[in-house]
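Engineer: Structure incoming, see below.
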Amino acid sequence: MSVIIYTNTCNGQAITSAATFESYNPATGEVLGLVPSSTQEQVQAAVAAAKAVQPAWAALSDEERKGYLMQMAKVLEDNLDYLAKLVTQEQGKPLAGPGSVFEIQGCIGWTQVPASLELPVEIAFEDDTRRDEIHRTPIGVVAAIAPWNWPLLIATWQIMPSLRTGNTVVIKPSEYTSICTLEMVRLLNTVLPAGVLNSVSGSGEVGGWLSSALGVDKIMFTGSSSTGAKIIQASAKNYARVTLELGGNDAAIVLPDVDPAKIAQGLFWGSFINMGQTCACIKRLYVHEAVHDAVVEELNKLAAAMPMGNGLEEGVVLGPVQNRMQFNKIVDLVEDAKQQAANFVCGGAAMQGAGNFFPITLVTQIDNAARLVQEEQFGPVLPIVKFSNLDEAIQMANAVEVGLGASVWSSNPEQAREVANRMQAGTVWINQHGTIHPMVPFGGIKQSGFGVEFGVDGLKAVTQPKIISINKALA
Ligand code: NAD
């Protein structure tokens with residue numbers, strides 16, 4: 001069977017490149033297709049196409065752009081099966097459970113919601129002599145740079161608010177999950193004017209060209225904290241405004257008053273959704289000694305009951321790790337924990353056979369200073385630290401350089417809220433974790449980034465305020 005060569009979309013046209021690279025199915029190791037390695041000239045052409053059409057796109061009424069978003073939501077709905085299957089084949093998450101169908105449904109929701117939101121003119125000040133209005137205007141061309149963990153959902157978070165508010169977009173997908181993204185962009189282009197949404201696939205180098213390109217006015221970046229620092233540097237060249245959604249090392253604190261059986265599902269999927277390859281996953285679990293053993297036991301039961309395998313197969317709810325780079329990182333952290341004599345309740349060794357399969361791994365009796373606790377593992381391995389003193393648990397939870405999400409689990413709402421107030425993160429969930437919503441702002445603090453996505457605040461982040469100041473005496 002011949003290998004399919006996928007294409008970028010620039011100014012409404014399918015674009016190939018002289019050089020291509022392979023994208024793999026992480027469940028089988030097979031080549032899924034070939035992806036264009038965009039050249040610097042192609043990146044510039046995509047930015048130029050987006051720039052050329054942006055004034056006309058911005059000149060449309062809000063109602064017209066909302067209409068385009070609703071048409072795109074329909075395209076996603078009509079192609080749900082196709083896109084979900086591609087995501088499973090390329091990213092690895094199963095069709096079932098909180099997997100690829102769930103991801104495309106999320107894309108639809110995160111398209112419909114910005115289509116329903118308004119950014120009305122605000123009055124900053126008014127008296128008898130003057131009136132000062134805040135209008136929200138588009139920024140221009142948005143460079144969207146996406147990671148590989150939720151490739152289409154995160155692309156949607158970047159694309160839809162930008163288009164809704166009158167910007168145009170050039171997106172660079174992760175080199176690990178280009179095919180599904182290029183296909184989504186191609187399909188969305190069937191209902192968009194040419195040039196409004198363009199793609200440029202390639203490695204980090206292509207991301208570097210895009211983020212520093214003259215003509216880019218705003219960068220929406222989601223990825224690691226180290227690449228985020230490079231984005232900040234790139235923006236010094238073009239003065240682009242920047243939203244950074246970066247890495248996290250979310251802590252969950254479990255108080256002694258919980259019912260372990262009742263919270264186990266929430267903790268399990270809060271930790272292992274997408275095999276732990278989720279920005280706001282529980283990556284460190286602090287459990288009070290009174291319930292520690294019972295919580296571990298409940299999680300262990302769930303781990304044993306969740307089928308892992310090729311996500312196209314029925315019944316599978318856990319897939320492979322997405323790529324070898326990430327797989328090797330997980331193995332390294334697990335080996336380090338073994339050196340520290342941590343206890344492996346389950347898992348702990350890579351599975352034999354094709355594909356990047358690593359079992360759900362629960363690690364107890366681990367020192368808080370261990371690398372597995374202090375570094376973002378971004379995989380199916382959860383360190384569980386027992387605590388007796390709540391102040392110490394909060395101190396440990398906060399003592400990292402990142403702050404994306406956090407959670408507290410308790411049957412006492414007041415105490416839960418008090419702990420939540422003391423945890424340092426962009427979002428602190430109570431008795432849930434990672435339950436993002438398209439109406440609720442989401443973003444990190446510290447080295448997890450800056451700026452927010454979603455809801456009205458997310459729309460504001462892809463606009464700039466323009467003040468119209470009126471002297472009433474002469475008007
Ligand atoms: P990554 O930083 O390696 O790559 C992200 C994107 O940046 C890719 O498209 C990559 O090609 C591109 N890139 C690489 N070097 C670049 C450069 N010099 N200039 C411009 N672009 C460049 O991250 P990843 O491994 O794809 O994603 C995993 C990380 O993303 C984790 O740390 C995770 O926590 C984080 N993440 C954060 C959020 C959030 O909302 N905060 C969401 C998902 C993932």
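Residue numbering restarts at 1 in every chain; chains get A, B, ... in the order shown in the structure tokens, and ligands count up from 1 in that same order.
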Please find the residues contacting ligand 1 at a distance of at most 6 Å between atoms, with only C-alpha atoms and all ligand atoms counted, and report them as a PyMOL selection string.
Structural biologist: chain A and resi 145-148+172-175+203-205+207-208+211+222-224+227+230-231+245-248+278-279
Engineer: I want to know what sits within 7 Å of range 289-301 of chain A, based on only C-alpha atoms, with residues of the same chain fewer than 5 positions away left out; could you give that as an mmCIF file with C-alpha atoms, in the first residue's frame?
Structural biologist:
```cif
data_model
loop_
_atom_site.group_PDB
_atom_site.id
_atom_site.type_symbol
_atom_site.label_atom_id
_atom_site.label_comp_id
_atom_site.auth_asym_id
_atom_site.auth_seq_id
_atom_site.Cartn_x
_atom_site.Cartn_y
_atom_site.Cartn_z
ATOM 1 C CA PRO A 256 -8.574 12.445 55.846
ATOM 2 C CA PRO A 260 -11.828 6.600 49.120
ATOM 3 C CA ALA A 261 -14.259 4.553 47.034
ATOM 4 C CA ALA A 264 -11.309 6.964 43.219
ATOM 5 C CA PHE A 268 -7.955 7.975 38.462
ATOM 6 C CA LYS A 386 1.772 10.117 52.319
ATOM 7 C CA PHE A 387 1.381 13.080 54.687
ATOM 8 C CA SER A 388 0.310 13.591 58.294
#
```
Engineer: One decimal, in Å: what's the spacing between CA of Glu376 in chain A and CA of Ala304 in chain A?
Structural biologist: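 Going from CA of Glu376 in chain A over to CA of Ala304 in chain A covers 24.0 Å.
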Engineer: Using DSSP on the backbone coordinates, identify the residues of range 248-368 of chain A assigned to helix (DSSP H, G or I); present them as a PyMOL selection string.
Structural biologist: chain A and resi 260-276+292-305+324-339
Engineer: Applying 7 Å and only C-alpha atoms, which residues near range 233-238 of chain A remain after dropping the ones on its own chain fewer than 3 positions away? List them as a PyMOL selection string.
Structural biologist: chain A and resi 211-214+216+229-230
Engineer: Got a sec: who's within 7 Å of Thr16 in chain A, counting only C-alpha atoms, leaving out chain neighbours fewer than 3 positions off, as an NGL selection string?
Structural biologist: :A and (7-8 or 36)
Engineer: From the options A:Val113, A:Ala416, A:Ala341, A:Ala350, which residue's atoms come nearest to Leu390 in chain A, counting only C-alpha atoms?
Structural biologist: A:Ala416
Engineer: Hey, could you make a per-residue contact list for range 24-46 of chain A against range 354-357 of chain A with 10 Å as the cut-off, showing the nearest pair of atoms and its distance in Å to one decimal, counting only C-alpha atoms, sorted by chain and number, as JSON lines?
Structural biologist:
```
{"residue": "A:Tyr24", "atom": "CA", "partner": "A:Gly355", "partner_atom": "CA", "distance": 9.8}
{"residue": "A:Asn25", "atom": "CA", "partner": "A:Gly355", "partner_atom": "CA", "distance": 7.9}
{"residue": "A:Pro26", "atom": "CA", "partner": "A:Gly355", "partner_atom": "CA", "distance": 5.3}
{"residue": "A:Ala27", "atom": "CA", "partner": "A:Gly355", "partner_atom": "CA", "distance": 4.3}
{"residue": "A:Thr28", "atom": "CA", "partner": "A:Gly355", "partner_atom": "CA", "distance": 4.6}
{"residue": "A:Gly29", "atom": "CA", "partner": "A:Gly355", "partner_atom": "CA", "distance": 5.3}
{"residue": "A:Glu30", "atom": "CA", "partner": "A:Gly355", "partner_atom": "CA", "distance": 8.8}
```
Engineer: Generate a file of the selected residues that holds N, CA and C atoms, formatted as a PDB file, in the first residue's frame.
Structural biologist:
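To be explicit, this is the file written out as out19.pdb:
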```pdb
ATOM      1  N   TYR A  24       3.905   8.540  12.766  1.00  0.00           N
ATOM      2  CA  TYR A  24       3.740   7.129  13.133  1.00  0.00           C
ATOM      3  C   TYR A  24       2.483   6.894  13.954  1.00  0.00           C
ATOM      4  N   ASN A  25       2.002   5.661  13.885  1.00  0.00           N
ATOM      5  CA  ASN A  25       0.949   5.197  14.789  1.00  0.00           C
ATOM      6  C   ASN A  25       1.643   4.662  16.046  1.00  0.00           C
ATOM      7  N   PRO A  26       1.448   5.321  17.208  1.00  0.00           N
ATOM      8  CA  PRO A  26       2.206   4.906  18.394  1.00  0.00           C
ATOM      9  C   PRO A  26       1.753   3.556  18.964  1.00  0.00           C
ATOM     10  N   ALA A  27       0.599   3.045  18.502  1.00  0.00           N
ATOM     11  CA  ALA A  27       0.140   1.739  18.991  1.00  0.00           C
ATOM     12  C   ALA A  27       0.783   0.586  18.221  1.00  0.00           C
ATOM     13  N   THR A  28       1.252   0.887  17.006  1.00  0.00           N
ATOM     14  CA  THR A  28       1.784  -0.196  16.166  1.00  0.00           C
ATOM     15  C   THR A  28       3.198   0.090  15.668  1.00  0.00           C
ATOM     16  N   GLY A  29       3.611   1.318  15.716  1.00  0.00           N
ATOM     17  CA  GLY A  29       4.911   1.705  15.166  1.00  0.00           C
ATOM     18  C   GLY A  29       4.886   1.879  13.649  1.00  0.00           C
ATOM     19  N   GLU A  30       3.721   1.679  13.038  1.00  0.00           N
ATOM     20  CA  GLU A  30       3.635   1.791  11.569  1.00  0.00           C
ATOM     21  C   GLU A  30       3.592   3.254  11.124  1.00  0.00           C
TER      22      GLU A  30
END
```
Engineer: Write out as a list in words the residues lying within 7 Å of range 189-195 of chain A, counting only C-alpha atoms and excluding same-chain residues fewer than 2 positions away.
Structural biologist: Cys10, Asn11, Gly12, Ala49, Ala50, Val53, Gln71, Met72, Val185, Arg186, Leu187, Leu197 and Asn198 of chain A
Engineer: Mind running range 211-257 of chain A against range 417-439 of chain A at 9 Å and telling me each contacting residue's nearest atom pair with the distance in Å (one decimal), counting only C-alpha atoms, chain and number ascending, as CSV?
Structural biologist:
```
residue,atom,partner,partner_atom,distance
A:Asp250,CA,A:Ala425,CA,8.2
A:Ala252,CA,A:His433,CA,8.1
A:Ile253,CA,A:Val419,CA,8.8
```
Engineer: Residues of range 130-232 of chain A in strand (DSSP E) according to DSSP, as a compact mmCIF listing (two decimals) with N, CA, C and O atoms, in the first residue's frame?
Structural biologist:
```
# COMPACT_ATOMS: atom_id res chain seq x y z
N ARG A 130 -17.41 64.17 29.17
CA ARG A 130 -16.70 63.22 28.30
C ARG A 130 -17.28 61.81 28.42
O ARG A 130 -17.96 61.48 29.38
N ARG A 131 -16.99 61.03 27.41
CA ARG A 131 -17.37 59.61 27.42
C ARG A 131 -16.19 58.83 26.84
O ARG A 131 -15.70 59.15 25.75
N ASP A 132 -15.74 57.80 27.57
CA ASP A 132 -14.59 56.99 27.15
C ASP A 132 -15.04 55.54 26.97
O ASP A 132 -15.43 54.89 27.94
N GLU A 133 -14.93 55.07 25.74
CA GLU A 133 -15.42 53.72 25.41
C GLU A 133 -14.24 52.77 25.16
O GLU A 133 -13.25 53.17 24.55
N ILE A 134 -14.40 51.51 25.59
CA ILE A 134 -13.39 50.48 25.28
C ILE A 134 -13.99 49.56 24.22
O ILE A 134 -14.97 48.86 24.47
N HIS A 135 -13.39 49.60 23.04
CA HIS A 135 -13.79 48.69 21.96
C HIS A 135 -12.75 47.58 21.88
O HIS A 135 -11.57 47.81 22.10
N ARG A 136 -13.17 46.40 21.54
CA ARG A 136 -12.24 45.27 21.41
C ARG A 136 -12.00 45.02 19.93
O ARG A 136 -12.91 44.61 19.20
N THR A 137 -10.77 45.25 19.47
CA THR A 137 -10.47 45.09 18.04
C THR A 137 -9.52 43.91 17.86
O THR A 137 -8.75 43.56 18.76
N PRO A 138 -9.54 43.30 16.66
CA PRO A 138 -8.63 42.18 16.42
C PRO A 138 -7.18 42.63 16.49
O PRO A 138 -6.88 43.81 16.27
N VAL A 141 -2.67 38.91 12.71
CA VAL A 141 -2.38 37.52 12.36
C VAL A 141 -1.93 36.78 13.63
O VAL A 141 -1.00 37.22 14.31
N VAL A 142 -2.61 35.69 13.91
CA VAL A 142 -2.26 34.86 15.07
C VAL A 142 -1.44 33.66 14.61
O VAL A 142 -1.87 32.92 13.72
N ALA A 143 -0.27 33.48 15.23
CA ALA A 143 0.51 32.25 15.03
C ALA A 143 0.12 31.29 16.14
O ALA A 143 0.29 31.60 17.32
N ALA A 144 -0.41 30.14 15.76
CA ALA A 144 -0.84 29.14 16.74
C ALA A 144 0.16 27.99 16.69
O ALA A 144 0.41 27.42 15.62
N ILE A 145 0.76 27.67 17.82
CA ILE A 145 1.74 26.58 17.86
C ILE A 145 1.27 25.57 18.90
O ILE A 145 1.05 25.92 20.07
N THR A 168 -6.84 36.47 11.70
CA THR A 168 -6.62 35.30 10.86
C THR A 168 -5.49 34.48 11.47
O THR A 168 -4.77 34.97 12.35
N VAL A 169 -5.34 33.23 11.02
CA VAL A 169 -4.50 32.28 11.77
C VAL A 169 -3.57 31.51 10.84
O VAL A 169 -3.96 31.10 9.74
N VAL A 170 -2.33 31.30 11.34
CA VAL A 170 -1.43 30.30 10.75
C VAL A 170 -1.11 29.33 11.87
O VAL A 170 -0.58 29.74 12.92
N ILE A 171 -1.40 28.05 11.68
CA ILE A 171 -1.14 27.08 12.74
C ILE A 171 -0.01 26.14 12.36
O ILE A 171 0.07 25.67 11.23
N LYS A 172 0.89 25.93 13.37
CA LYS A 172 1.91 24.89 13.21
C LYS A 172 1.61 23.77 14.20
O LYS A 172 1.73 23.94 15.41
N LEU A 197 -7.47 30.73 7.46
CA LEU A 197 -6.86 29.70 8.32
C LEU A 197 -5.87 28.90 7.48
O LEU A 197 -6.25 28.27 6.48
N ASN A 198 -4.59 28.95 7.88
CA ASN A 198 -3.51 28.33 7.11
C ASN A 198 -2.70 27.41 8.02
O ASN A 198 -2.66 27.61 9.24
N SER A 199 -2.03 26.43 7.43
CA SER A 199 -1.20 25.53 8.24
C SER A 199 0.21 25.45 7.67
O SER A 199 0.41 25.56 6.45
N LYS A 218 0.29 38.09 17.09
CA LYS A 218 -0.05 37.43 18.36
C LYS A 218 0.39 35.98 18.25
O LYS A 218 0.21 35.34 17.20
N ILE A 219 0.99 35.45 19.33
CA ILE A 219 1.36 34.04 19.35
C ILE A 219 0.55 33.34 20.43
O ILE A 219 0.55 33.77 21.59
N MET A 220 -0.17 32.31 20.02
CA MET A 220 -0.85 31.44 20.99
C MET A 220 0.01 30.18 21.05
O MET A 220 0.04 29.41 20.08
N PHE A 221 0.71 29.98 22.15
CA PHE A 221 1.60 28.82 22.24
C PHE A 221 1.15 27.89 23.35
O PHE A 221 0.91 28.33 24.48
N THR A 222 1.06 26.62 23.05
CA THR A 222 0.83 25.60 24.08
C THR A 222 1.90 24.54 23.92
O THR A 222 2.05 23.95 22.83
```
Engineer: Please, what distance in Å, to one decimal, runs between CA of Thr129 in chain A and CA of Ser469 in chain A?
Structural biologist: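 Distance reported for this atom pair: 10.8 Å.
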Engineer: I want to know what sits within 9 Å of Arg284 in chain A, based on only C-alpha atoms, with residues of the same chain fewer than 6 positions away left out; could you give that as a ChimeraX atom specification?
Structural biologist: /A:249-253,271,372-374,382-385,397
Engineer: Can you tell me how far CA of Leu80 in chain A sits from CA of Ile104 in chain A, in Å to one decimal?
Structural biologist: 6.2 Å
Engineer: Please provide the set of residues having any atom within 12 Å of Gln339 in chain A, restricted to only C-alpha atoms, with same-chain residues fewer than 3 positions apart removed, written as an MDAnalysis selection string.
Structural biologist: chainID A and resid 332:336 342:344 366:367 370:372
Engineer: Identify which of the residues A:Phe21, A:Pro120, A:Pro94, A:Ile282 lies closest to Val456 in chain A, counting only C-alpha atoms when measuring atom-to-atom distances.
Structural biologist: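 Checking each candidate against Val456 in chain A, we get A:Pro120 as the closest.
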Engineer: Between A:Gly403, A:Pro98, A:Gly67, A:Gly458, which is the closest to Val317 in chain A once you count only C-alpha atoms?
Structural biologist: A:Pro98
